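The structure file coords.cif is reproduced below (mmCIF, C-alpha atoms).
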```cif
data_entry
loop_
_atom_site.label_atom_id
_atom_site.label_comp_id
_atom_site.auth_asym_id
_atom_site.auth_seq_id
_atom_site.Cartn_x
_atom_site.Cartn_y
_atom_site.Cartn_z
CA MET V 18 -122.81 -43.67 -166.29
CA LYS V 19 -119.73 -41.73 -165.22
CA ILE V 20 -118.78 -41.10 -168.87
CA ALA V 21 -122.31 -39.96 -169.68
CA ALA V 22 -122.30 -37.57 -166.73
CA ALA V 23 -118.93 -36.22 -167.80
CA ALA V 24 -120.16 -35.73 -171.36
CA LEU V 25 -123.27 -33.93 -170.16
CA PHE V 26 -121.18 -31.71 -167.91
CA LEU V 27 -118.79 -30.82 -170.73
CA ILE V 28 -121.67 -29.93 -173.04
CA GLY V 29 -123.16 -27.70 -170.33
CA PHE V 30 -119.82 -26.16 -169.43
CA SER V 31 -118.92 -25.51 -173.06
CA LEU V 32 -122.07 -23.41 -173.37
CA LEU V 33 -120.80 -21.20 -170.55
CA VAL V 34 -117.39 -20.44 -172.01
CA PRO V 35 -116.64 -18.71 -175.30
CA GLN V 36 -115.96 -20.74 -178.42
CA GLY V 37 -112.39 -21.91 -178.66
CA ALA V 38 -111.66 -21.65 -174.94
CA LEU V 39 -111.77 -25.39 -174.35
CA ALA V 40 -108.64 -26.58 -176.04
CA GLY V 41 -107.61 -29.25 -173.54
CA ALA V 42 -104.98 -28.85 -170.90
CA GLU V 43 -102.22 -30.78 -172.66
CA GLU V 44 -102.83 -28.96 -175.95
CA ASP V 45 -102.57 -25.68 -174.03
CA ARG V 46 -99.33 -26.74 -172.37
CA VAL V 47 -97.69 -27.78 -175.61
CA ALA V 48 -98.61 -24.44 -177.19
CA PHE V 49 -97.40 -22.59 -174.09
CA VAL V 50 -94.00 -24.27 -174.17
CA ALA V 51 -93.72 -23.80 -177.93
CA TYR V 52 -94.42 -20.08 -177.58
CA PHE V 53 -91.51 -19.57 -175.20
CA LYS V 54 -89.27 -21.82 -177.27
CA SER V 55 -89.95 -19.59 -180.23
CA ARG V 56 -89.62 -16.40 -178.19
CA PHE V 57 -86.36 -17.35 -176.45
CA PRO V 58 -84.80 -20.04 -178.67
CA ASP V 59 -81.52 -20.10 -176.74
CA ILE V 60 -83.04 -20.87 -173.36
CA PRO V 61 -83.21 -24.61 -172.60
CA PHE V 62 -86.59 -25.85 -171.34
CA GLN V 63 -85.38 -26.72 -167.83
CA GLU V 64 -83.95 -23.22 -167.37
CA TYR V 65 -87.46 -21.77 -167.09
CA ALA V 66 -87.65 -23.24 -163.61
CA ASN V 67 -85.27 -20.44 -162.62
CA GLY V 68 -87.81 -17.75 -163.48
CA ILE V 69 -86.37 -14.40 -164.49
CA TYR V 70 -82.83 -15.74 -163.98
CA ALA V 71 -83.30 -17.76 -167.14
CA ILE V 72 -83.63 -14.49 -169.05
CA ASP V 73 -81.73 -11.83 -167.13
CA SER V 74 -78.02 -12.73 -166.91
CA ASP V 75 -77.10 -9.84 -164.57
CA ALA V 76 -79.82 -10.76 -162.10
CA ARG V 77 -78.76 -14.39 -162.44
CA ASP V 78 -75.19 -13.59 -161.34
CA GLN V 79 -76.50 -11.82 -158.24
CA TRP V 80 -78.86 -14.70 -157.50
CA LEU V 81 -76.07 -17.28 -157.76
CA GLU V 82 -74.08 -15.31 -155.20
CA ILE V 83 -77.11 -15.14 -152.92
CA GLU V 84 -77.46 -18.92 -153.22
CA ASP V 85 -73.99 -19.32 -151.63
CA PHE V 86 -75.73 -18.53 -148.34
CA PRO V 87 -79.39 -19.31 -149.04
CA PRO V 88 -81.62 -16.86 -147.17
CA TYR V 89 -84.42 -19.44 -146.99
CA GLU V 90 -82.29 -21.99 -145.15
CA PHE V 91 -83.72 -21.23 -141.71
CA ALA V 92 -87.27 -21.49 -143.05
CA VAL V 93 -86.46 -24.95 -144.41
CA GLU V 94 -85.05 -26.03 -141.04
CA ARG V 95 -88.06 -24.73 -139.14
CA GLY V 96 -90.33 -26.38 -141.68
CA GLN V 97 -88.63 -29.73 -141.16
CA GLU V 98 -89.13 -29.45 -137.40
CA ALA V 99 -92.83 -28.69 -137.90
CA TRP V 100 -93.15 -31.58 -140.36
CA LEU V 101 -91.71 -34.03 -137.86
CA ALA V 102 -93.42 -32.62 -134.76
CA SER V 103 -96.17 -34.71 -133.18
CA PHE V 104 -99.71 -33.45 -132.92
CA PRO V 105 -101.37 -33.78 -129.49
CA ASN V 106 -102.79 -37.12 -130.66
CA GLY V 107 -99.35 -38.45 -131.51
CA ARG V 108 -99.73 -38.28 -135.28
CA THR V 109 -97.59 -36.08 -137.52
CA LEU V 110 -98.06 -34.15 -140.74
CA ALA V 111 -96.28 -36.91 -142.60
CA ASP V 112 -99.06 -39.32 -141.59
CA CYS V 113 -101.54 -37.33 -143.68
CA PHE V 114 -99.61 -37.77 -146.93
CA SER V 115 -99.31 -41.09 -148.65
CA GLN V 116 -96.26 -40.05 -150.67
CA GLN V 117 -92.65 -39.99 -149.54
CA GLN V 118 -91.88 -36.47 -148.33
CA GLU V 119 -89.73 -35.72 -151.40
CA ASN V 120 -92.75 -36.40 -153.61
CA VAL V 121 -95.38 -34.43 -151.71
CA ARG V 122 -94.69 -31.03 -153.27
CA ILE V 123 -94.95 -32.19 -156.87
CA MET V 124 -98.34 -33.81 -156.31
CA TYR V 125 -99.94 -30.42 -155.67
CA PRO V 126 -102.09 -28.70 -156.66
CA ARG V 127 -104.53 -31.48 -157.39
CA PHE V 128 -108.27 -31.63 -157.95
CA ASP V 129 -110.32 -33.28 -155.22
CA GLU V 130 -113.46 -34.87 -156.62
CA LEU V 131 -115.10 -35.13 -153.22
CA SER V 132 -115.00 -31.43 -152.38
CA GLY V 133 -115.08 -30.38 -156.04
CA GLU V 134 -112.15 -28.04 -155.43
CA VAL V 135 -108.49 -27.63 -156.19
CA ILE V 136 -106.40 -28.62 -153.17
CA THR V 137 -103.06 -26.89 -152.93
CA LEU V 138 -100.23 -28.01 -150.68
CA ASP V 139 -101.05 -25.20 -148.23
CA VAL V 140 -104.69 -26.30 -148.01
CA ALA V 141 -103.67 -29.96 -147.65
CA ILE V 142 -101.42 -29.05 -144.71
CA ASN V 143 -104.24 -27.17 -143.03
CA ASN V 144 -106.66 -30.01 -143.71
CA CYS V 145 -104.21 -32.32 -141.99
CA ARG V 146 -104.03 -30.04 -138.96
CA THR V 147 -107.79 -29.74 -138.59
CA ALA V 148 -108.20 -33.50 -139.04
CA ASN V 149 -105.86 -33.86 -136.08
CA THR V 150 -107.66 -31.41 -133.76
CA LEU V 151 -105.34 -28.47 -134.41
CA PRO V 152 -106.62 -25.13 -135.73
CA ALA V 153 -105.90 -24.21 -139.32
CA LEU V 154 -103.07 -21.74 -139.81
CA ALA V 155 -103.55 -18.42 -141.57
CA TYR V 156 -102.29 -18.72 -145.13
CA ASP V 157 -99.56 -16.16 -144.52
CA ASP V 158 -98.52 -17.75 -141.22
CA SER V 159 -94.77 -18.31 -141.19
CA GLU V 160 -95.17 -21.85 -139.79
CA LEU V 161 -97.24 -22.86 -142.80
CA ILE V 162 -94.84 -21.17 -145.22
CA ASP V 163 -91.89 -22.87 -143.51
CA ILE V 164 -93.46 -26.31 -143.98
CA THR V 165 -94.01 -25.64 -147.69
CA ALA V 166 -90.41 -24.39 -147.92
CA PHE V 167 -89.19 -27.68 -146.42
CA LEU V 168 -91.31 -29.78 -148.78
CA ALA V 169 -90.18 -27.68 -151.75
CA PHE V 170 -86.57 -28.25 -150.77
CA GLU V 171 -87.15 -31.97 -150.40
CA ALA V 172 -88.71 -32.10 -153.87
CA ARG V 173 -85.82 -30.46 -155.67
CA GLY V 174 -85.06 -32.23 -158.92
CA LYS V 175 -88.45 -33.93 -159.12
CA LYS V 176 -90.54 -32.99 -162.11
CA LEU V 177 -93.90 -31.29 -161.69
CA ALA V 178 -96.66 -33.75 -162.49
CA VAL V 179 -99.96 -31.94 -162.02
CA ARG V 180 -102.94 -33.85 -163.42
CA VAL V 181 -106.16 -32.63 -164.98
CA PRO V 182 -107.90 -35.99 -165.27
CA ASP V 183 -110.16 -36.45 -168.30
CA ASP V 184 -112.69 -38.38 -166.25
CA GLN V 185 -113.12 -35.58 -163.70
CA PRO V 186 -115.17 -32.80 -165.31
CA GLY V 187 -114.77 -30.67 -162.21
CA ALA V 188 -111.00 -30.74 -162.70
CA LEU V 189 -111.31 -29.47 -166.26
CA GLN V 190 -113.68 -26.76 -165.09
CA ALA V 191 -111.24 -25.63 -162.38
CA TYR V 192 -108.40 -25.66 -164.91
CA GLU V 193 -110.45 -23.62 -167.39
CA LEU V 194 -111.41 -21.09 -164.72
CA GLY V 195 -107.75 -20.72 -163.81
CA LYS V 196 -106.89 -20.25 -167.47
CA ARG V 197 -109.62 -17.65 -167.83
CA PHE V 198 -108.31 -15.79 -164.78
CA TYR V 199 -104.81 -15.81 -166.28
CA TYR V 200 -105.87 -14.30 -169.59
CA THR V 201 -108.48 -11.84 -168.25
CA LYS V 202 -107.57 -8.17 -168.01
CA ARG V 203 -108.43 -6.61 -164.68
CA GLY V 204 -107.84 -3.57 -162.52
CA GLN V 205 -107.41 0.10 -163.24
CA LEU V 206 -104.38 -0.63 -165.43
CA ASN V 207 -106.40 -3.14 -167.49
CA PHE V 208 -103.73 -5.85 -167.47
CA ALA V 209 -103.96 -9.63 -167.66
CA CYS V 210 -101.30 -11.91 -166.15
CA ALA V 211 -100.54 -12.86 -169.75
CA ASP V 212 -99.85 -9.25 -170.76
CA CYS V 213 -96.79 -9.15 -168.51
CA HIS V 214 -95.67 -12.76 -168.40
CA ILE V 215 -96.29 -13.85 -171.99
CA ALA V 216 -96.44 -10.84 -174.29
CA SER V 217 -93.91 -8.78 -172.31
CA ALA V 218 -91.76 -11.51 -170.77
CA GLY V 219 -88.16 -10.34 -170.68
CA GLN V 220 -89.13 -6.68 -171.06
CA TYR V 221 -88.43 -4.07 -168.42
CA VAL V 222 -91.08 -2.77 -166.07
CA ARG V 223 -89.30 0.10 -164.37
CA ALA V 224 -85.93 -1.35 -163.31
CA ASP V 225 -86.96 -5.01 -163.35
CA ARG V 226 -87.48 -7.49 -166.12
CA LEU V 227 -90.65 -9.53 -166.33
CA SER V 228 -90.36 -13.29 -165.93
CA ALA V 229 -91.90 -15.87 -168.23
CA SER V 230 -94.94 -17.71 -166.91
CA LEU V 231 -93.41 -21.01 -167.92
CA GLY V 232 -91.80 -22.19 -164.68
CA HIS V 233 -93.61 -19.70 -162.46
CA THR V 234 -94.72 -22.24 -159.90
CA THR V 235 -91.62 -24.45 -159.68
CA HIS V 236 -89.65 -22.34 -157.21
CA PHE V 237 -92.25 -21.25 -154.65
CA PRO V 238 -92.27 -20.42 -151.84
CA VAL V 239 -89.55 -17.82 -152.38
CA TYR V 240 -87.46 -15.68 -150.09
CA ARG V 241 -88.04 -12.07 -151.07
CA SER V 242 -85.21 -9.74 -150.14
CA LYS V 243 -87.46 -6.71 -150.09
CA ARG V 244 -89.71 -8.37 -147.52
CA GLY V 245 -86.96 -10.18 -145.64
CA LYS V 246 -88.97 -13.39 -145.47
CA VAL V 247 -90.28 -16.35 -147.43
CA ILE V 248 -93.61 -15.78 -149.15
CA SER V 249 -96.13 -18.08 -150.78
CA LEU V 250 -97.15 -18.25 -154.43
CA HIS V 251 -100.54 -16.81 -153.54
CA LYS V 252 -98.91 -13.85 -151.82
CA ARG V 253 -97.12 -13.21 -155.12
CA PHE V 254 -100.43 -13.54 -157.00
CA SER V 255 -101.92 -11.02 -154.60
CA GLY V 256 -99.04 -8.60 -155.24
CA CYS V 257 -99.46 -8.89 -159.01
CA VAL V 258 -103.21 -8.25 -158.81
CA ARG V 259 -102.56 -5.24 -156.60
CA ASP V 260 -99.89 -3.99 -159.03
CA VAL V 261 -102.50 -3.73 -161.79
CA ARG V 262 -104.70 -1.89 -159.27
CA ALA V 263 -107.34 -4.56 -158.87
CA LYS V 264 -108.59 -5.71 -155.47
CA PRO V 265 -106.68 -8.91 -154.64
CA PHE V 266 -108.48 -12.13 -153.80
CA ALA V 267 -107.84 -13.84 -150.49
CA LEU V 268 -104.86 -16.17 -150.20
CA GLN V 269 -106.03 -19.68 -151.11
CA SER V 270 -109.29 -18.31 -152.52
CA THR V 271 -110.95 -20.44 -155.18
CA GLU V 272 -109.76 -17.96 -157.82
CA PHE V 273 -106.10 -18.19 -156.79
CA ARG V 274 -106.21 -21.97 -156.37
CA ASN V 275 -107.64 -22.38 -159.87
CA LEU V 276 -104.95 -20.04 -161.18
CA GLU V 277 -102.28 -22.12 -159.45
CA TYR V 278 -103.79 -25.25 -160.99
CA PHE V 279 -103.58 -23.79 -164.51
CA LEU V 280 -100.09 -22.33 -164.09
CA SER V 281 -98.74 -25.48 -162.48
CA TYR V 282 -100.04 -27.60 -165.31
CA MET V 283 -98.31 -25.27 -167.77
CA SER V 284 -95.02 -26.01 -165.96
CA ASN V 285 -95.40 -29.80 -165.96
CA GLY V 286 -92.15 -31.49 -166.82
CA LEU V 287 -90.02 -28.79 -165.22
CA GLU V 288 -88.08 -29.67 -162.10
CA ALA V 289 -89.22 -28.35 -158.75
CA ASN V 290 -86.47 -26.12 -157.39
CA GLY V 291 -87.96 -24.24 -154.48
CA PRO V 292 -87.57 -22.46 -152.28
CA GLY V 293 -86.31 -19.71 -154.53
CA ALA V 294 -84.70 -16.37 -153.77
CA ARG V 295 -85.91 -13.18 -155.40
CA LYS V 296 -85.42 -9.43 -154.96
CA MET Q 7 -141.57 42.03 -127.04
CA ASP Q 8 -141.35 44.77 -129.65
CA ARG Q 9 -141.96 44.02 -133.27
CA ALA Q 10 -138.32 44.58 -134.29
CA ARG Q 11 -137.12 42.02 -131.76
CA VAL Q 12 -139.75 39.50 -132.90
CA SER Q 13 -138.62 40.05 -136.46
CA ARG Q 14 -134.94 39.43 -135.57
CA VAL Q 15 -135.76 36.21 -133.70
CA SER Q 16 -137.96 35.01 -136.55
CA MET Q 17 -135.22 35.71 -139.07
CA ARG Q 18 -132.68 33.77 -137.01
CA LEU Q 19 -135.07 30.84 -136.69
CA LEU Q 20 -135.68 30.91 -140.41
CA VAL Q 21 -131.93 30.82 -141.15
CA LEU Q 22 -131.44 27.97 -138.69
CA VAL Q 23 -134.27 25.90 -140.12
CA THR Q 24 -133.07 26.52 -143.68
CA ALA Q 25 -129.54 25.41 -142.74
CA LEU Q 26 -130.85 22.28 -141.05
CA ILE Q 27 -132.99 21.42 -144.05
CA THR Q 28 -130.00 21.93 -146.38
CA VAL Q 29 -127.66 19.77 -144.30
CA SER Q 30 -130.23 17.02 -143.87
CA GLY Q 31 -131.04 17.19 -147.57
CA CYS Q 32 -127.34 16.76 -148.41
CA ALA Q 33 -127.07 13.88 -145.98
CA THR Q 34 -130.06 12.20 -147.58
CA GLU Q 35 -128.64 12.78 -151.03
CA PHE Q 36 -125.27 11.46 -149.86
CA ASP Q 37 -126.85 8.33 -148.38
CA ARG Q 38 -128.77 7.70 -151.58
CA ARG Q 39 -125.70 8.10 -153.79
CA TYR Q 40 -123.53 6.12 -151.38
CA ALA Q 41 -125.98 3.21 -151.49
CA ALA Q 42 -125.99 3.36 -155.29
CA ALA Q 43 -122.17 3.31 -155.41
CA GLU Q 44 -122.13 0.46 -152.92
CA ARG Q 45 -124.45 -1.61 -155.12
CA LEU Q 46 -122.16 -1.06 -158.11
CA GLN Q 47 -119.11 -1.93 -156.03
CA ALA Q 48 -120.77 -5.18 -154.96
CA GLU Q 49 -121.64 -5.95 -158.59
CA ALA Q 50 -118.03 -5.39 -159.65
CA ALA Q 51 -116.83 -7.59 -156.78
CA ALA Q 52 -119.28 -10.35 -157.71
CA ALA Q 53 -117.82 -10.29 -161.23
CA GLY Q 54 -114.34 -10.65 -159.68
CA ALA Q 55 -113.40 -7.31 -161.16
CA GLU Q 56 -113.35 -4.77 -158.31
CA TRP Q 57 -110.61 -2.19 -158.54
CA LEU Q 58 -108.14 -1.60 -155.76
CA GLU Q 59 -109.14 1.91 -154.71
CA THR Q 60 -112.94 1.80 -154.96
CA GLY Q 61 -113.53 0.80 -151.36
CA LYS Q 62 -110.97 3.29 -150.09
CA LEU Q 63 -112.62 6.12 -152.03
CA MET Q 64 -115.96 5.24 -150.48
CA ASP Q 65 -114.47 5.14 -146.99
CA GLN Q 66 -112.90 8.55 -147.57
CA ALA Q 67 -116.21 9.90 -148.87
CA ASN Q 68 -117.88 8.71 -145.68
CA LYS Q 69 -115.30 10.47 -143.53
CA GLU Q 70 -115.66 13.72 -145.45
CA ALA Q 71 -119.45 13.55 -145.16
CA ALA Q 72 -119.20 12.93 -141.42
CA GLY Q 73 -117.02 16.04 -141.16
CA GLY Q 74 -119.59 18.08 -143.09
CA ASN Q 75 -117.35 18.47 -146.19
CA MET Q 76 -120.07 17.54 -148.62
CA ASP Q 77 -118.37 18.82 -151.80
CA ALA Q 78 -115.34 16.63 -151.11
CA ALA Q 79 -117.59 13.73 -150.11
CA PHE Q 80 -119.61 13.87 -153.34
CA SER Q 81 -116.46 14.22 -155.43
CA LEU Q 82 -114.96 11.07 -153.87
CA LEU Q 83 -118.22 9.22 -154.27
CA ASP Q 84 -118.34 10.14 -157.96
CA LYS Q 85 -114.85 8.70 -158.43
CA ALA Q 86 -115.81 5.50 -156.62
CA GLN Q 87 -118.95 5.13 -158.71
CA PHE Q 88 -117.02 5.70 -161.93
CA GLN Q 89 -114.50 3.03 -160.92
CA ALA Q 90 -117.21 0.52 -160.11
CA GLU Q 91 -119.09 1.18 -163.35
CA THR Q 92 -115.91 0.88 -165.41
CA ALA Q 93 -114.92 -2.33 -163.64
CA ILE Q 94 -118.31 -3.86 -164.49
CA LYS Q 95 -117.92 -2.86 -168.16
CA GLN Q 96 -114.40 -4.28 -168.12
CA ALA Q 97 -115.70 -7.60 -166.79
CA GLU Q 98 -118.48 -7.69 -169.38
CA TYR Q 99 -116.01 -7.07 -172.19
CA GLU Q 100 -113.53 -9.59 -170.84
CA ALA Q 101 -116.18 -12.31 -170.66
CA ASP Q 102 -115.42 -12.98 -174.34
CA ALA Q 103 -112.21 -11.07 -175.01
CA TRP Q 104 -109.88 -13.19 -172.84
CA VAL Q 105 -110.14 -16.11 -175.23
CA ASN Q 106 -108.34 -14.17 -177.93
CA ARG Q 107 -105.23 -13.98 -175.77
CA VAL Q 108 -104.87 -17.71 -175.20
CA VAL Q 109 -101.59 -19.00 -176.60
CA ARG Q 110 -102.30 -21.48 -179.36
#
```
Output the file's structure in the form of structure tokens.
Amino acid sequence: MKIAAAALFLIGFSLLVPQGALAGAEEDRVAFVAYFKSRFPDIPFQEYANGIYAIDSDARDQWLEIEDFPPYEFAVERGQEAWLASFPNGRTLADCFSQQQENVRIMYPRFDELSGEVITLDVAINNCRTANTLPALAYDDSELIDITAFLAFEARGKKLAVRVPDDQPGALQAYELGKRFYYTKRGQLNFACADCHIASAGQYVRADRLSASLGHTTHFPVYRSKRGKVISLHKRFSGCVRDVRAKPFALQSTEFRNLEYFLSYMSNGLEANGPGARK
Amino acid sequence: MDRARVSRVSMRLLVLVTALITVSGCATEFDRRYAAAERLQAEAAAAGAEWLETGKLMDQANKEAAGGNMDAAFSLLDKAQFQAETAIKQAEYEADAWVNRVVR
């Protein structure tokens, strides 16, 4: 029955998307990795987790010096305190997650069959709060970002393992919508994410070089020097959308969560190494 | 009241009424075009394709209209409408075009 429903859904969904769009997540990922391997043959696969520092050696030297005194260290410490703090009912954030804390980060984003939506780590933390009588935090609230920074730090060295289960048609749909978002041109500048981070990866845009999309999600949240604080992946998405002069979607909107789902799947197999530090 | 005075008062009334009709006509025209631009903006937003400045241009147009600067108001509204229309066309084109960029 479940298989029949899934088959029916896929037939219906395939009618909604252009021919050739449904290639399968793993097939997409293999092609994605192969593209960058061909484009930058000297860069080892695991290096892509370092974002632009895999490509730009000058920026990498500066980054390594910054890492001597990591600017995100205080965020990680505050995040740990929040993770361990008791809710009014005596429970803690850790009680909401079945995994060991070092494995929490790499399990997200994931597709939740019950709600039919992609659940990111940020959403899962807020769900935990509301389930324990606390109000949800705004998605740019520093407390929330600090908790994700702590969990990212704990997960360092663990490989991303995002799943798009074959038996969950909703998961494939969310993945495909994220993929479509990634490749769709938008805004007054008529740019897709892929225009900068695939076709032009490594090229200069003004004084900065564009990072490769492979590895984009491994190191978030990141401390941004120009903002003087740690920011979320969705804040970075919002900045990119604004840069091409399109109206950004809300942080943790369905659009951005689907995009995170797609991009995270593309980076499967890379080691989590957040929080990162960027200009 | 002598006839000359009556004539002067009548002329002033005529000018005043004409000015009021013109201003109210512009306001009505502005409201109509603003509503049209707003519909297009909503259509672009529903397609997930709204541009960054469209809403700001419409807000500015509103402010200019409130200040009586109708030329500036209409000019800003035209820009907003153009942006919304182009964003909708962009979304329609991209409905199929994005697939060609997928790495294979």
Exercise. List the residues matched by the PyMOL selection byres ((chain Q and resi 91) around 12) in the displayed structure as a ChimeraX atom specification, ordered by chain and then by residue number.
Key: /V:205 /Q:42-51,53,55-57,60,84-90,92-98
Quiz item: What are the residues of chain V that have an atom within 8 Å of an atom of chain Q, counting only C-alpha atoms, as a VMD selection string?
Solution: chain V and resid 35 37 to 38 45 48 to 49 52 197 200 to 205 211 259 262 to 265
Exercise. Write out as a ChimeraX atom specification which residues come within 8 Å of segment 111-118 of chain V when counting all atoms listed in the file, dropping same-chain ones fewer than 6 positions away.
Key: /V:100-101,145,168,171-172
Practice problem: Could you check how far atom CA of Thr150 of chain V sits from atom CA of Phe128 of chain V, in Å to one decimal? | Solution: 24.2 Å
Specify as a short mmCIF file (atom, residue, chain, number, x, y, z; two decimals) with C-alpha atoms, in the coordinates of the input each residue included when the PyMOL selection byres ((chain V and resi 123) around 7) is applied to this file.
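Final file, part.cif:
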```cif
data_model
loop_
_atom_site.label_atom_id
_atom_site.label_comp_id
_atom_site.auth_asym_id
_atom_site.auth_seq_id
_atom_site.Cartn_x
_atom_site.Cartn_y
_atom_site.Cartn_z
CA ASN V 120 -92.75 -36.40 -153.61
CA VAL V 121 -95.38 -34.43 -151.71
CA ARG V 122 -94.69 -31.03 -153.27
CA MET V 124 -98.34 -33.81 -156.31
CA TYR V 125 -99.94 -30.42 -155.67
CA ALA V 172 -88.71 -32.10 -153.87
CA LYS V 176 -90.54 -32.99 -162.11
CA LEU V 177 -93.90 -31.29 -161.69
CA ALA V 178 -96.66 -33.75 -162.49
#
```
Return as AutoDock Vina command-line options the box centre and box size in Å, one decimal, for an axis-aligned box around all listed atoms of segment 165-181 of chain V padded by 3 Å per side.
```
--center_x -95.6 --center_y -29.2 --center_z -155.7 --size_x 27.1 --size_y 15.5 --size_z 24.6
```
Practice problem: Could you give me, as a PyMOL selection string, the residues that have an atom at most 12 Å away from the point (-113.7, 7.5, -146.8) in the coordinates of the file, using all atoms listed in the file? | Solution: chain Q and resi 40+59-73+75+78-83+85-86
Compile the contact shell of segment 276-288 of chain V as a JSON list (two decimals) with C-alpha atoms, in the coordinates of the input: residues with an atom at most 6 Å away, counting all atoms listed in the file, same-chain residues fewer than 2 positions apart removed.
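The result, written out as result.json:
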```json
[["chain", "number", "residue", "atom", "x", "y", "z"],
["V", 46, "ARG", "CA", -99.33, -26.74, -172.37],
["V", 63, "GLN", "CA", -85.38, -26.72, -167.83],
["V", 126, "PRO", "CA", -102.09, -28.70, -156.66],
["V", 174, "GLY", "CA", -85.06, -32.23, -158.92],
["V", 175, "LYS", "CA", -88.45, -33.93, -159.12],
["V", 176, "LYS", "CA", -90.54, -32.99, -162.11],
["V", 177, "LEU", "CA", -93.90, -31.29, -161.69],
["V", 178, "ALA", "CA", -96.66, -33.75, -162.49],
["V", 179, "VAL", "CA", -99.96, -31.94, -162.02],
["V", 192, "TYR", "CA", -108.40, -25.66, -164.91],
["V", 195, "GLY", "CA", -107.75, -20.72, -163.81],
["V", 196, "LYS", "CA", -106.89, -20.25, -167.47],
["V", 231, "LEU", "CA", -93.41, -21.01, -167.92],
["V", 232, "GLY", "CA", -91.80, -22.19, -164.68],
["V", 234, "THR", "CA", -94.72, -22.24, -159.90],
["V", 273, "PHE", "CA", -106.10, -18.19, -156.79],
["V", 274, "ARG", "CA", -106.21, -21.97, -156.37]]
```
Quiz item: Residues picked by the PyMOL selection byres ((chain V and resi 89) around 8) here, as a PyMOL selection string?
Solution: chain V and resi 87-88+90-93+166+239-240+246-247+292-294
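The gap separating atom CA of Ala141 of chain V from atom CA of Val181 of chain V is 17.7 Å, in Å to one decimal.
Interatomic distance, atom CA of Leu194 of chain V to atom CA of Ala42 of chain V: 11.8 Å.
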Self-check item: Distance criterion (all atoms listed in the file): nearest to Ser230 of chain V out of V:Cys213, V:Ile60, V:Arg173, V:Gly245
Solution: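 Distance minimum relative to Ser230 of chain V lands on V:Cys213.
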Practice problem: Find, counting all atoms listed in the file, the residue in V:Ala229, V:Arg295, V:Leu110, V:His236 that gets nearest to Phe62 of chain V. | Solution: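 With all atoms listed in the file as the atom set, the closest residue is V:Ala229.
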Self-check item: Residue nearest Ala148 of chain V - candidates V:Arg77, V:Arg127, V:Arg95, V:Arg108, atoms counted: only C-alpha atoms
Solution: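 Distance minimum relative to Ala148 of chain V lands on V:Arg108.
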